[in-house]
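Undergrad: The following file, protein19.pdb, comprises PDB, C-alpha atoms and all ligand atoms:
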ATOM      1  CA  MET A  80     101.155  50.534-246.741  1.00  0.00           C
ATOM      2  CA  ALA A  81      98.584  48.027-245.449  1.00  0.00           C
ATOM      3  CA  ALA A  82      95.615  49.947-246.836  1.00  0.00           C
ATOM      4  CA  GLU A  83      94.683  48.905-250.376  1.00  0.00           C
ATOM      5  CA  ARG A  84      93.167  52.248-251.502  1.00  0.00           C
ATOM      6  CA  VAL A  85      94.630  55.464-250.084  1.00  0.00           C
ATOM      7  CA  LEU A  86      93.626  59.107-250.492  1.00  0.00           C
ATOM      8  CA  ASP A  87      96.062  61.876-249.479  1.00  0.00           C
ATOM      9  CA  VAL A  88      94.035  65.018-248.714  1.00  0.00           C
ATOM     10  CA  GLY A  89      96.174  68.144-249.125  1.00  0.00           C
ATOM     11  CA  CYS A  90      98.922  66.038-250.718  1.00  0.00           C
ATOM     12  CA  GLY A  91     101.098  69.071-251.544  1.00  0.00           C
ATOM     13  CA  THR A  92     103.902  67.978-253.859  1.00  0.00           C
ATOM     14  CA  GLY A  93     102.927  64.323-253.434  1.00  0.00           C
ATOM     15  CA  THR A  94     105.869  63.287-251.261  1.00  0.00           C
ATOM     16  CA  LEU A  95     103.961  60.734-249.183  1.00  0.00           C
ATOM     17  CA  LEU A  96     102.279  58.871-252.043  1.00  0.00           C
ATOM     18  CA  ARG A  97     105.405  58.876-254.177  1.00  0.00           C
ATOM     19  CA  ARG A  98     107.239  57.311-251.264  1.00  0.00           C
ATOM     20  CA  ALA A  99     104.486  54.728-250.714  1.00  0.00           C
ATOM     21  CA  ARG A 100     104.717  53.732-254.371  1.00  0.00           C
ATOM     22  CA  SER A 101     108.500  53.590-254.368  1.00  0.00           C
ATOM     23  CA  GLU A 102     108.399  51.403-251.256  1.00  0.00           C
ATOM     24  CA  GLY A 103     106.159  48.893-252.989  1.00  0.00           C
ATOM     25  CA  HIS A 104     102.521  49.950-252.510  1.00  0.00           C
ATOM     26  CA  THR A 105     100.619  48.208-255.306  1.00  0.00           C
ATOM     27  CA  GLY A 106      97.065  49.467-254.701  1.00  0.00           C
ATOM     28  CA  ARG A 107      95.225  52.658-255.592  1.00  0.00           C
ATOM     29  CA  LEU A 108      96.854  55.938-254.533  1.00  0.00           C
ATOM     30  CA  ALA A 109      95.140  59.297-255.068  1.00  0.00           C
ATOM     31  CA  GLY A 110      96.272  62.769-254.007  1.00  0.00           C
ATOM     32  CA  LEU A 111      94.186  65.932-253.872  1.00  0.00           C
ATOM     33  CA  ASP A 112      95.380  69.521-253.355  1.00  0.00           C
ATOM     34  CA  PRO A 113      93.904  72.925-254.281  1.00  0.00           C
ATOM     35  CA  ASP A 114      97.276  74.612-254.877  1.00  0.00           C
ATOM     36  CA  PRO A 115      98.203  74.385-258.584  1.00  0.00           C
ATOM     37  CA  ALA A 116     101.912  74.991-257.945  1.00  0.00           C
ATOM     38  CA  MET A 117     102.068  72.166-255.393  1.00  0.00           C
ATOM     39  CA  LEU A 118     100.101  69.811-257.598  1.00  0.00           C
ATOM     40  CA  ASP A 119     102.275  70.624-260.629  1.00  0.00           C
ATOM     41  CA  GLN A 120     105.193  69.144-258.701  1.00  0.00           C
ATOM     42  CA  ALA A 121     103.154  66.054-257.793  1.00  0.00           C
ATOM     43  CA  ARG A 122     102.101  65.596-261.411  1.00  0.00           C
ATOM     44  CA  GLY A 123     105.729  65.111-262.362  1.00  0.00           C
ATOM     45  CA  SER A 124     105.227  61.588-261.029  1.00  0.00           C
ATOM     46  CA  ASP A 125     102.768  58.885-262.114  1.00  0.00           C
ATOM     47  CA  ALA A 126     102.887  57.233-258.684  1.00  0.00           C
ATOM     48  CA  ALA A 127      99.279  58.262-258.013  1.00  0.00           C
ATOM     49  CA  GLU A 128      96.196  59.945-259.499  1.00  0.00           C
ATOM     50  CA  TRP A 129      96.383  63.685-258.760  1.00  0.00           C
ATOM     51  CA  LEU A 130      93.372  65.980-258.471  1.00  0.00           C
ATOM     52  CA  LEU A 131      93.335  69.779-258.163  1.00  0.00           C
ATOM     53  CA  ALA A 132      90.572  70.340-255.590  1.00  0.00           C
ATOM     54  CA  THR A 133      89.853  71.276-252.000  1.00  0.00           C
ATOM     55  CA  ALA A 134      89.030  68.566-249.493  1.00  0.00           C
ATOM     56  CA  ALA A 135      85.409  69.755-249.465  1.00  0.00           C
ATOM     57  CA  ALA A 136      85.183  69.135-253.225  1.00  0.00           C
ATOM     58  CA  ALA A 137      86.521  65.563-253.062  1.00  0.00           C
ATOM     59  CA  PRO A 138      84.344  63.773-255.631  1.00  0.00           C
ATOM     60  CA  TRP A 139      84.633  60.144-254.477  1.00  0.00           C
ATOM     61  CA  ASP A 140      82.003  57.920-252.879  1.00  0.00           C
ATOM     62  CA  GLY A 141      83.038  54.886-250.843  1.00  0.00           C
ATOM     63  CA  GLU A 142      86.276  54.357-252.785  1.00  0.00           C
ATOM     64  CA  PHE A 143      89.093  54.459-250.192  1.00  0.00           C
ATOM     65  CA  ASP A 144      90.137  52.413-247.158  1.00  0.00           C
ATOM     66  CA  LEU A 145      92.358  55.129-245.718  1.00  0.00           C
ATOM     67  CA  ALA A 146      92.467  58.904-246.046  1.00  0.00           C
ATOM     68  CA  VAL A 147      95.472  60.796-244.682  1.00  0.00           C
ATOM     69  CA  MET A 148      95.960  64.527-244.204  1.00  0.00           C
ATOM     70  CA  GLY A 149      99.515  65.173-243.068  1.00  0.00           C
ATOM     71  CA  GLY A 150     101.878  68.102-242.763  1.00  0.00           C
ATOM     72  CA  ASN A 151      99.203  69.912-240.718  1.00  0.00           C
ATOM     73  CA  ALA A 152      97.204  70.547-243.891  1.00  0.00           C
ATOM     74  CA  PHE A 153      94.109  70.369-241.651  1.00  0.00           C
ATOM     75  CA  GLN A 154      95.109  73.772-240.254  1.00  0.00           C
ATOM     76  CA  PHE A 155      94.420  75.367-243.640  1.00  0.00           C
ATOM     77  CA  LEU A 156      90.696  74.833-242.908  1.00  0.00           C
ATOM     78  CA  LEU A 157      90.019  78.173-241.264  1.00  0.00           C
ATOM     79  CA  ASP A 158      86.505  77.878-239.845  1.00  0.00           C
ATOM     80  CA  ASP A 159      84.015  75.286-238.634  1.00  0.00           C
ATOM     81  CA  ALA A 160      82.094  75.317-241.925  1.00  0.00           C
ATOM     82  CA  ALA A 161      85.252  74.536-243.933  1.00  0.00           C
ATOM     83  CA  VAL A 162      86.194  71.774-241.484  1.00  0.00           C
ATOM     84  CA  HIS A 163      82.704  70.286-241.562  1.00  0.00           C
ATOM     85  CA  ASP A 164      82.391  70.355-245.359  1.00  0.00           C
ATOM     86  CA  SER A 165      85.871  68.842-245.702  1.00  0.00           C
ATOM     87  CA  LEU A 166      85.260  66.090-243.152  1.00  0.00           C
ATOM     88  CA  VAL A 167      81.910  65.195-244.732  1.00  0.00           C
ATOM     89  CA  ALA A 168      83.553  64.874-248.158  1.00  0.00           C
ATOM     90  CA  VAL A 169      86.419  62.776-246.766  1.00  0.00           C
ATOM     91  CA  ARG A 170      83.896  60.607-244.918  1.00  0.00           C
ATOM     92  CA  ARG A 171      81.985  60.130-248.197  1.00  0.00           C
ATOM     93  CA  ALA A 172      85.180  59.218-250.069  1.00  0.00           C
ATOM     94  CA  LEU A 173      85.858  56.415-247.580  1.00  0.00           C
ATOM     95  CA  ALA A 174      84.321  52.977-247.682  1.00  0.00           C
ATOM     96  CA  GLY A 175      82.303  52.088-244.562  1.00  0.00           C
ATOM     97  CA  GLY A 176      84.763  51.396-241.743  1.00  0.00           C
ATOM     98  CA  GLY A 177      87.542  53.261-243.557  1.00  0.00           C
ATOM     99  CA  ARG A 178      89.921  55.389-241.523  1.00  0.00           C
ATOM    100  CA  PHE A 179      91.023  59.019-241.602  1.00  0.00           C
ATOM    101  CA  ALA A 180      94.445  59.835-240.124  1.00  0.00           C
ATOM    102  CA  PHE A 181      95.540  63.450-239.740  1.00  0.00           C
ATOM    103  CA  ASP A 182      97.610  65.835-237.671  1.00  0.00           C
ATOM    104  CA  THR A 183      97.050  69.338-236.384  1.00  0.00           C
ATOM    105  CA  ARG A 184      99.215  71.359-234.007  1.00  0.00           C
ATOM    106  CA  ASN A 185      98.048  71.473-230.398  1.00  0.00           C
ATOM    107  CA  PRO A 186      97.081  75.064-229.487  1.00  0.00           C
ATOM    108  CA  VAL A 187      98.119  74.386-225.884  1.00  0.00           C
ATOM    109  CA  CYS A 188     101.795  74.539-226.960  1.00  0.00           C
ATOM    110  CA  ARG A 189     101.409  77.971-228.612  1.00  0.00           C
ATOM    111  CA  GLU A 190     103.926  77.028-231.296  1.00  0.00           C
ATOM    112  CA  TRP A 191     103.232  80.243-233.205  1.00  0.00           C
ATOM    113  CA  ARG A 192     105.290  82.070-230.579  1.00  0.00           C
ATOM    114  CA  ASP A 193     108.423  80.423-232.039  1.00  0.00           C
ATOM    115  CA  TRP A 194     107.582  81.652-235.514  1.00  0.00           C
ATOM    116  CA  ASN A 195     109.754  84.743-235.598  1.00  0.00           C
ATOM    117  CA  PRO A 196     113.084  85.898-237.077  1.00  0.00           C
ATOM    118  CA  ASP A 197     114.949  84.447-234.067  1.00  0.00           C
ATOM    119  CA  HIS A 198     114.128  80.927-235.343  1.00  0.00           C
ATOM    120  CA  PRO A 199     115.376  80.751-238.941  1.00  0.00           C
ATOM    121  CA  TYR A 200     116.168  77.510-240.738  1.00  0.00           C
ATOM    122  CA  GLU A 201     117.550  76.475-244.114  1.00  0.00           C
ATOM    123  CA  VAL A 202     116.065  74.479-246.953  1.00  0.00           C
ATOM    124  CA  THR A 203     117.557  73.382-250.267  1.00  0.00           C
ATOM    125  CA  ASP A 204     115.526  74.178-253.373  1.00  0.00           C
ATOM    126  CA  PRO A 205     115.274  71.749-256.330  1.00  0.00           C
ATOM    127  CA  ALA A 206     118.208  73.494-258.044  1.00  0.00           C
ATOM    128  CA  GLY A 207     120.396  72.896-254.987  1.00  0.00           C
ATOM    129  CA  ALA A 208     120.406  76.496-253.708  1.00  0.00           C
ATOM    130  CA  ARG A 209     120.278  77.063-249.968  1.00  0.00           C
ATOM    131  CA  LEU A 210     117.342  79.222-248.876  1.00  0.00           C
ATOM    132  CA  ARG A 211     117.065  80.847-245.472  1.00  0.00           C
ATOM    133  CA  VAL A 212     113.507  80.751-244.142  1.00  0.00           C
ATOM    134  CA  HIS A 213     111.710  82.173-241.149  1.00  0.00           C
ATOM    135  CA  HIS A 214     108.088  82.661-240.175  1.00  0.00           C
ATOM    136  CA  GLU A 215     106.284  85.560-238.553  1.00  0.00           C
ATOM    137  CA  ALA A 216     102.963  85.032-236.784  1.00  0.00           C
ATOM    138  CA  SER A 217     100.198  86.951-235.053  1.00  0.00           C
ATOM    139  CA  GLU A 218      98.481  85.832-231.882  1.00  0.00           C
ATOM    140  CA  PRO A 219      95.356  83.764-232.678  1.00  0.00           C
ATOM    141  CA  ASP A 220      92.034  85.535-233.181  1.00  0.00           C
ATOM    142  CA  GLU A 221      88.883  84.388-231.353  1.00  0.00           C
ATOM    143  CA  HIS A 222      88.534  81.459-233.795  1.00  0.00           C
ATOM    144  CA  GLY A 223      92.097  80.235-233.251  1.00  0.00           C
ATOM    145  CA  VAL A 224      93.301  81.615-236.580  1.00  0.00           C
ATOM    146  CA  VAL A 225      96.921  82.793-236.682  1.00  0.00           C
ATOM    147  CA  ALA A 226      98.149  84.988-239.547  1.00  0.00           C
ATOM    148  CA  VAL A 227     101.463  83.555-240.737  1.00  0.00           C
ATOM    149  CA  SER A 228     104.052  84.986-243.105  1.00  0.00           C
ATOM    150  CA  THR A 229     106.942  82.966-244.393  1.00  0.00           C
ATOM    151  CA  VAL A 230     110.014  84.906-245.492  1.00  0.00           C
ATOM    152  CA  PHE A 231     112.466  83.341-247.968  1.00  0.00           C
ATOM    153  CA  ALA A 232     115.944  84.691-248.678  1.00  0.00           C
ATOM    154  CA  GLY A 233     118.274  83.106-251.204  1.00  0.00           C
ATOM    155  CA  PRO A 234     120.583  83.627-254.150  1.00  0.00           C
ATOM    156  CA  HIS A 235     117.718  83.900-256.692  1.00  0.00           C
ATOM    157  CA  TRP A 236     116.360  87.195-255.349  1.00  0.00           C
ATOM    158  CA  ASP A 237     117.919  90.529-254.429  1.00  0.00           C
ATOM    159  CA  ARG A 238     115.584  90.875-251.447  1.00  0.00           C
ATOM    160  CA  PRO A 239     113.549  88.409-249.365  1.00  0.00           C
ATOM    161  CA  LEU A 240     110.190  87.114-250.660  1.00  0.00           C
ATOM    162  CA  THR A 241     107.217  86.879-248.314  1.00  0.00           C
ATOM    163  CA  ALA A 242     104.300  84.451-248.600  1.00  0.00           C
ATOM    164  CA  SER A 243     101.322  85.232-246.375  1.00  0.00           C
ATOM    165  CA  GLY A 244      98.627  82.887-245.159  1.00  0.00           C
ATOM    166  CA  ALA A 245      96.740  81.708-242.096  1.00  0.00           C
ATOM    167  CA  LEU A 246      96.542  78.580-239.966  1.00  0.00           C
ATOM    168  CA  ARG A 247      93.851  77.596-237.515  1.00  0.00           C
ATOM    169  CA  PHE A 248      94.631  75.972-234.172  1.00  0.00           C
ATOM    170  CA  THR A 249      91.798  73.768-232.922  1.00  0.00           C
ATOM    171  CA  PRO A 250      91.620  72.439-229.344  1.00  0.00           C
ATOM    172  CA  VAL A 251      91.263  68.677-229.071  1.00  0.00           C
ATOM    173  CA  GLU A 252      87.759  68.678-227.599  1.00  0.00           C
ATOM    174  CA  ARG A 253      86.491  70.888-230.415  1.00  0.00           C
ATOM    175  CA  LEU A 254      88.155  68.599-232.935  1.00  0.00           C
ATOM    176  CA  ASP A 255      86.288  65.626-231.540  1.00  0.00           C
ATOM    177  CA  GLY A 256      82.962  67.456-231.822  1.00  0.00           C
ATOM    178  CA  LEU A 257      83.656  68.326-235.450  1.00  0.00           C
ATOM    179  CA  LEU A 258      84.631  64.723-236.234  1.00  0.00           C
ATOM    180  CA  ALA A 259      81.496  63.336-234.604  1.00  0.00           C
ATOM    181  CA  ALA A 260      79.290  65.792-236.502  1.00  0.00           C
ATOM    182  CA  ALA A 261      80.756  64.498-239.776  1.00  0.00           C
ATOM    183  CA  GLY A 262      80.219  60.815-238.957  1.00  0.00           C
ATOM    184  CA  PHE A 263      83.632  59.849-237.549  1.00  0.00           C
ATOM    185  CA  THR A 264      84.494  57.998-234.336  1.00  0.00           C
ATOM    186  CA  VAL A 265      87.907  58.732-232.840  1.00  0.00           C
ATOM    187  CA  GLU A 266      89.722  55.406-232.486  1.00  0.00           C
ATOM    188  CA  GLU A 267      93.313  56.325-231.705  1.00  0.00           C
ATOM    189  CA  ARG A 268      95.135  59.459-230.703  1.00  0.00           C
ATOM    190  CA  TYR A 269      98.870  60.140-230.570  1.00  0.00           C
ATOM    191  CA  GLY A 270     101.247  63.010-229.896  1.00  0.00           C
ATOM    192  CA  THR A 271     103.647  62.032-232.713  1.00  0.00           C
ATOM    193  CA  TRP A 272     103.473  59.996-235.932  1.00  0.00           C
ATOM    194  CA  ALA A 273     105.731  57.490-234.137  1.00  0.00           C
ATOM    195  CA  LYS A 274     102.686  56.808-231.930  1.00  0.00           C
ATOM    196  CA  ASP A 275     103.921  58.416-228.712  1.00  0.00           C
ATOM    197  CA  ALA A 276     101.012  58.917-226.324  1.00  0.00           C
ATOM    198  CA  PHE A 277      99.005  62.125-226.697  1.00  0.00           C
ATOM    199  CA  ARG A 278      99.236  64.358-223.628  1.00  0.00           C
ATOM    200  CA  GLU A 279      96.831  67.249-223.900  1.00  0.00           C
ATOM    201  CA  GLY A 280      98.937  69.664-221.868  1.00  0.00           C
ATOM    202  CA  GLU A 281     102.253  69.033-223.628  1.00  0.00           C
ATOM    203  CA  SER A 282     102.036  67.198-226.983  1.00  0.00           C
ATOM    204  CA  ARG A 283     102.846  69.592-229.828  1.00  0.00           C
ATOM    205  CA  SER A 284     100.739  67.568-232.259  1.00  0.00           C
ATOM    206  CA  ILE A 285      97.255  66.110-232.093  1.00  0.00           C
ATOM    207  CA  ILE A 286      97.308  63.016-234.309  1.00  0.00           C
ATOM    208  CA  THR A 287      93.938  61.369-234.766  1.00  0.00           C
ATOM    209  CA  ILE A 288      92.882  58.144-236.397  1.00  0.00           C
ATOM    210  CA  ALA A 289      89.114  58.273-236.867  1.00  0.00           C
ATOM    211  CA  ARG A 290      86.832  55.563-238.211  1.00  0.00           C
ATOM    212  CA  ALA A 291      84.131  56.343-240.776  1.00  0.00           C
TER
HETATM  213  C1  LIG B   1     101.943  72.218-245.312  1.00  0.00           C
HETATM  214  S1  LIG B   1     101.305  71.559-246.803  1.00  0.00           S
HETATM  215  C2  LIG B   1     101.396  69.817-246.499  1.00  0.00           C
HETATM  216  C3  LIG B   1     101.477  69.023-247.774  1.00  0.00           C
HETATM  217  C4  LIG B   1     101.599  67.511-247.617  1.00  0.00           C
HETATM  218  N1  LIG B   1     100.465  66.947-246.908  1.00  0.00           N
HETATM  219  C5  LIG B   1     102.877  67.156-246.927  1.00  0.00           C
HETATM  220  O1  LIG B   1     102.842  66.729-245.760  1.00  0.00           O
HETATM  221  O2  LIG B   1     103.944  67.287-247.549  1.00  0.00           O
HETATM  222  C6  LIG B   1      99.564  71.884-246.635  1.00  0.00           C
HETATM  223  C7  LIG B   1      98.783  71.597-247.907  1.00  0.00           C
HETATM  224  O3  LIG B   1      97.391  71.745-247.644  1.00  0.00           O
HETATM  225  C8  LIG B   1      96.806  72.217-248.839  1.00  0.00           C
HETATM  226  N2  LIG B   1      95.460  72.764-248.602  1.00  0.00           N
HETATM  227  C9  LIG B   1      95.122  74.034-248.337  1.00  0.00           C
HETATM  228  N3  LIG B   1      93.786  74.161-248.247  1.00  0.00           N
HETATM  229  C10 LIG B   1      93.263  72.931-248.464  1.00  0.00           C
HETATM  230  C11 LIG B   1      91.928  72.409-248.539  1.00  0.00           C
HETATM  231  N4  LIG B   1      90.876  73.206-248.335  1.00  0.00           N
HETATM  232  N5  LIG B   1      91.774  71.106-248.816  1.00  0.00           N
HETATM  233  C12 LIG B   1      92.839  70.298-249.015  1.00  0.00           C
HETATM  234  N6  LIG B   1      94.134  70.744-248.956  1.00  0.00           N
HETATM  235  C13 LIG B   1      94.325  72.034-248.690  1.00  0.00           C
HETATM  236  C14 LIG B   1      97.800  73.239-249.330  1.00  0.00           C
HETATM  237  O4  LIG B   1      97.608  73.568-250.691  1.00  0.00           O
HETATM  238  C15 LIG B   1      99.111  72.538-249.043  1.00  0.00           C
HETATM  239  O5  LIG B   1      99.582  71.809-250.149  1.00  0.00           O
END
Show me the file's structure as structure tokens.
TA:
Amino acid sequence: MAAERVLDVGCGTGTLLRRARSEGHTGRLAGLDPDPAMLDQARGSDAAEWLLATAAAAPWDGEFDLAVMGGNAFQFLLDDAAVHDSLVAVRRALAGGGRFAFDTRNPVCREWRDWNPDHPYEVTDPAGARLRVHHEASEPDEHGVVAVSTVFAGPHWDRPLTASGALRFTPVERLDGLLAAAGFTVEERYGTWAKDAFREGESRSIITIARA
């Protein structure tokens, strides 16, 4: 809220920026996401500018004070080249001294082992229907990439639907190398968005605030 110009990288359906606007943010808000279905939802609101693009294709130069990448969107960057190109573009979008805040799951906690049919949960879709969801995951490959399927069951379909994708788990020391290579200095690190201390051996999340 304190940053005048904010870019949400991998904004999904735009939840964060819509909330910032509804809570009184008066500055520039821009959201970027490469998934047309996600961005279609965001575009239902005029809270922010919305752009269909990957992080690496962010077109801005020195225009934002803060970039955020939440909801572990960083884990959709599946190799070092994608991370580097994305970080360089985010760095370029920021004004000098601007900050980049993002989260990524800590591989030390091996969270993918909980992504199985024994750990289902429920979500409510926009029409109010209850959907039962669970994930299925592989062990990571040599690059830390885990294949993930998400299985949805609900009243709209006569059998479950499966969406398949992949998420990369990056150890904290590797993360810092990638940030440095793109022109960022790590300023703060937390284990939760509530700013609990980061403990490498036990924090489920690596939350980084890096300065351009
Ligand atoms: C789990 S969602 C999180 C969405 C949003 N940040 C939130 O917290 O609600 C991850 C998002 O990352 C987006 N994404 C995938 N690849 C991306 C890329 N290369 N650059 C930017 N965003 C990407 C996906 O389309 C998806 O909307």
Undergrad: Extract, using all atoms listed in the file, all DNA, RNA and protein residues at most 12 Å from His104 (chain A), discarding same-chain residues fewer than 5 positions from it, and format them as an MDAnalysis selection string.
TA: chainID A and resid 80:85 95:99 126:127
Undergrad: Ligand LIG 1 (chain B), all listed atoms, 6 Å padding on each side: what axis-aligned box centre and edge lengths in Å to one decimal come out, as lines of an AutoDock Vina configuration file?
TA:
center_x = 97.4
center_y = 70.4
center_z = -248.0
size_x = 25.1
size_y = 19.4
size_z = 17.4
Undergrad: So that I can check the surroundings of His222 (chain A), please list as a VMD selection string every protein, DNA and RNA residue that reaches within 9 Å of it, counting all atoms listed in the file and ignoring chain neighbours fewer than 4 positions away.
TA: chain A and resid 157 to 158 247 to 249
Undergrad: Store the residues picked out above, limited to C-alpha atoms, as a short mmCIF file (atom, residue, chain, number, x, y, z; two decimals), in the coordinates of the input.
TA:
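Produced file result-v8.cif, reproduced below:
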data_model
loop_
_atom_site.label_atom_id
_atom_site.label_comp_id
_atom_site.auth_asym_id
_atom_site.auth_seq_id
_atom_site.Cartn_x
_atom_site.Cartn_y
_atom_site.Cartn_z
CA LEU A 157 90.02 78.17 -241.26
CA ASP A 158 86.50 77.88 -239.84
CA ARG A 247 93.85 77.60 -237.52
CA PHE A 248 94.63 75.97 -234.17
CA THR A 249 91.80 73.77 -232.92
#
Undergrad: Run the PyMOL selection byres (((chain A and resi 180-196) around 6) and not hetatm) against the file shown and list the residues it catches, as a CSV table (one decimal) with C-alpha atoms, in the coordinates of the input.
TA:
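As written to disk, result-v4.csv reads:
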chain,number,residue,atom,x,y,z
A,147,VAL,CA,95.5,60.8,-244.7
A,148,MET,CA,96.0,64.5,-244.2
A,149,GLY,CA,99.5,65.2,-243.1
A,151,ASN,CA,99.2,69.9,-240.7
A,179,PHE,CA,91.0,59.0,-241.6
A,197,ASP,CA,114.9,84.4,-234.1
A,198,HIS,CA,114.1,80.9,-235.3
A,199,PRO,CA,115.4,80.8,-238.9
A,213,HIS,CA,111.7,82.2,-241.1
A,214,HIS,CA,108.1,82.7,-240.2
A,215,GLU,CA,106.3,85.6,-238.6
A,216,ALA,CA,103.0,85.0,-236.8
A,248,PHE,CA,94.6,76.0,-234.2
A,283,ARG,CA,102.8,69.6,-229.8
A,284,SER,CA,100.7,67.6,-232.3
A,285,ILE,CA,97.3,66.1,-232.1
A,286,ILE,CA,97.3,63.0,-234.3
A,287,THR,CA,93.9,61.4,-234.8
A,288,ILE,CA,92.9,58.1,-236.4
Undergrad: Which is closest to Arg178 (chain A) among A:Val265, A:Ala134, A:Val225, A:Cys90, if we use all atoms listed in the file?
TA: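 Between A:Val265, A:Ala134, A:Val225, A:Cys90, the residue approaching Arg178 (chain A) most closely is A:Val265.
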Undergrad: Please check which protein, DNA or RNA residues sit within 7 Å of ligand LIG 1 (chain B), counting all atoms listed in the file, and write them as a PyMOL selection string.
TA: chain A and resi 88-95+111-114+117+132-135+148-153+155-156
Undergrad: Emit the selected residues as a tab-separated table (two decimals), in the coordinates of the input, including C-alpha atoms.
TA:
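So selection.tsv came out as:
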chain	number	residue	atom	x	y	z
A	88	VAL	CA	94.04	65.02	-248.71
A	89	GLY	CA	96.17	68.14	-249.12
A	90	CYS	CA	98.92	66.04	-250.72
A	91	GLY	CA	101.10	69.07	-251.54
A	92	THR	CA	103.90	67.98	-253.86
A	93	GLY	CA	102.93	64.32	-253.43
A	94	THR	CA	105.87	63.29	-251.26
A	95	LEU	CA	103.96	60.73	-249.18
A	111	LEU	CA	94.19	65.93	-253.87
A	112	ASP	CA	95.38	69.52	-253.36
A	113	PRO	CA	93.90	72.92	-254.28
A	114	ASP	CA	97.28	74.61	-254.88
A	117	MET	CA	102.07	72.17	-255.39
A	132	ALA	CA	90.57	70.34	-255.59
A	133	THR	CA	89.85	71.28	-252.00
A	134	ALA	CA	89.03	68.57	-249.49
A	135	ALA	CA	85.41	69.76	-249.46
A	148	MET	CA	95.96	64.53	-244.20
A	149	GLY	CA	99.52	65.17	-243.07
A	150	GLY	CA	101.88	68.10	-242.76
A	151	ASN	CA	99.20	69.91	-240.72
A	152	ALA	CA	97.20	70.55	-243.89
A	153	PHE	CA	94.11	70.37	-241.65
A	155	PHE	CA	94.42	75.37	-243.64
A	156	LEU	CA	90.70	74.83	-242.91
Undergrad: Using CA of Gly175 (chain A) and CA of Leu254 (chain A) as the two end points, give the distance in Å to one decimal.
TA: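 Separating CA of Gly175 (chain A) from CA of Leu254 (chain A) is a distance of 21.0 Å.
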Undergrad: Of the candidates A:Leu145, A:Ala260, A:Val169, A:Ala116, which shows the shortest atom-to-atom distance to Leu131 (chain A), using only C-alpha atoms?
TA: A:Ala116
Undergrad: So how many Å separate CA of Asp237 (chain A) and CA of Arg211 (chain A), to one decimal?
TA: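 Between these atoms lies a distance of 13.2 Å.
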Undergrad: What is the distance, in Å and to one decimal place, between CA of Leu108 (chain A) and CA of Phe263 (chain A)?
TA: 21.9 Å
Undergrad: Run the PyMOL selection byres (((chain A and resi 234) around 9) and not hetatm) mentally over the shown coordinates, then write out the matched residues as a list in words, using the chain letters and numbers from the document.
TA: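 Expected selection for the PyMOL selection byres (((chain A and resi 234) around 9) and not hetatm) here is Ala208, Arg209, Leu210, Ala232, Gly233, His235, Trp236 and Asp237 of chain A.
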Undergrad: A:Arg268, A:Pro205, A:Val227, A:Leu173: which is nearest Ala137 (chain A), counting only C-alpha atoms?
TA: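 Among A:Arg268, A:Pro205, A:Val227, A:Leu173, it is A:Leu173 that comes nearest to Ala137 (chain A).
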Undergrad: Expanded to explicit residues, what is the PyMOL selection byres (((chain A and resi 242) around 10) and not hetatm) for this file, as number ranges by chain?
TA: A: 214, 227-231, 240-241, 243-244
Undergrad: Output C-alpha atoms of each residue in that selection to a file, as a compact mmCIF listing (two decimals), keeping the file's coordinate frame.
TA:
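After the write, selection_38.txt holds the following:
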# COMPACT_ATOMS: atom_id res chain seq x y z
CA HIS A 214 108.09 82.66 -240.18
CA VAL A 227 101.46 83.56 -240.74
CA SER A 228 104.05 84.99 -243.10
CA THR A 229 106.94 82.97 -244.39
CA VAL A 230 110.01 84.91 -245.49
CA PHE A 231 112.47 83.34 -247.97
CA LEU A 240 110.19 87.11 -250.66
CA THR A 241 107.22 86.88 -248.31
CA SER A 243 101.32 85.23 -246.38
CA GLY A 244 98.63 82.89 -245.16
Undergrad: When distances are computed from all atoms listed in the file, which of A:Leu130, A:Leu258, A:Val251, A:Ala245 shows the smallest separation from Asp164 (chain A)?
TA: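 That would be A:Leu258, the residue with the smallest distance to Asp164 (chain A).
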Undergrad: Leaving out Leu86 (chain A) and any residue of its chain fewer than 6 positions from it, which residues lie within 6 Å of it when counting only C-alpha atoms, given as a PyMOL selection string?
TA: chain A and resi 109-110+146
Undergrad: Of the residues A:Pro239, A:Trp129, A:Val224, A:Gly280, which is the one nearest to Val212 (chain A), using only C-alpha atoms?
TA: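 Among the listed residues, the smallest separation from Val212 (chain A) belongs to A:Pro239.
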Undergrad: For Arg171 (chain A), find every residue with an atom within 10 Å (counting all atoms listed in the file), except residues of its own chain fewer than 3 positions away, and show them as JSON, numbers by chain.
TA: {"A": [137, 138, 139, 140, 141, 142, 143, 165, 166, 167, 168, 174, 175, 177, 261, 262, 291]}
Undergrad: Some atoms are missing, so please complete region 84-89 of chain A with N, CA and C atoms and return it as a PDB file, keeping the file's coordinate frame.
TA:
ATOM      1  N   ARG A  84      93.538  51.048-250.725  1.00  0.00           N
ATOM      2  CA  ARG A  84      93.167  52.248-251.502  1.00  0.00           C
ATOM      3  C   ARG A  84      93.343  53.472-250.596  1.00  0.00           C
ATOM      4  N   VAL A  85      94.238  54.370-250.982  1.00  0.00           N
ATOM      5  CA  VAL A  85      94.630  55.464-250.084  1.00  0.00           C
ATOM      6  C   VAL A  85      94.437  56.823-250.760  1.00  0.00           C
ATOM      7  N   LEU A  86      93.811  57.729-250.038  1.00  0.00           N
ATOM      8  CA  LEU A  86      93.626  59.107-250.492  1.00  0.00           C
ATOM      9  C   LEU A  86      94.453  60.033-249.611  1.00  0.00           C
ATOM     10  N   ASP A  87      95.297  60.883-250.226  1.00  0.00           N
ATOM     11  CA  ASP A  87      96.062  61.876-249.479  1.00  0.00           C
ATOM     12  C   ASP A  87      95.398  63.234-249.702  1.00  0.00           C
ATOM     13  N   VAL A  88      94.794  63.767-248.653  1.00  0.00           N
ATOM     14  CA  VAL A  88      94.035  65.018-248.714  1.00  0.00           C
ATOM     15  C   VAL A  88      94.990  66.171-248.386  1.00  0.00           C
ATOM     16  N   GLY A  89      95.166  67.096-249.328  1.00  0.00           N
ATOM     17  CA  GLY A  89      96.174  68.144-249.125  1.00  0.00           C
ATOM     18  C   GLY A  89      97.550  67.535-249.331  1.00  0.00           C
TER      19      GLY A  89
END
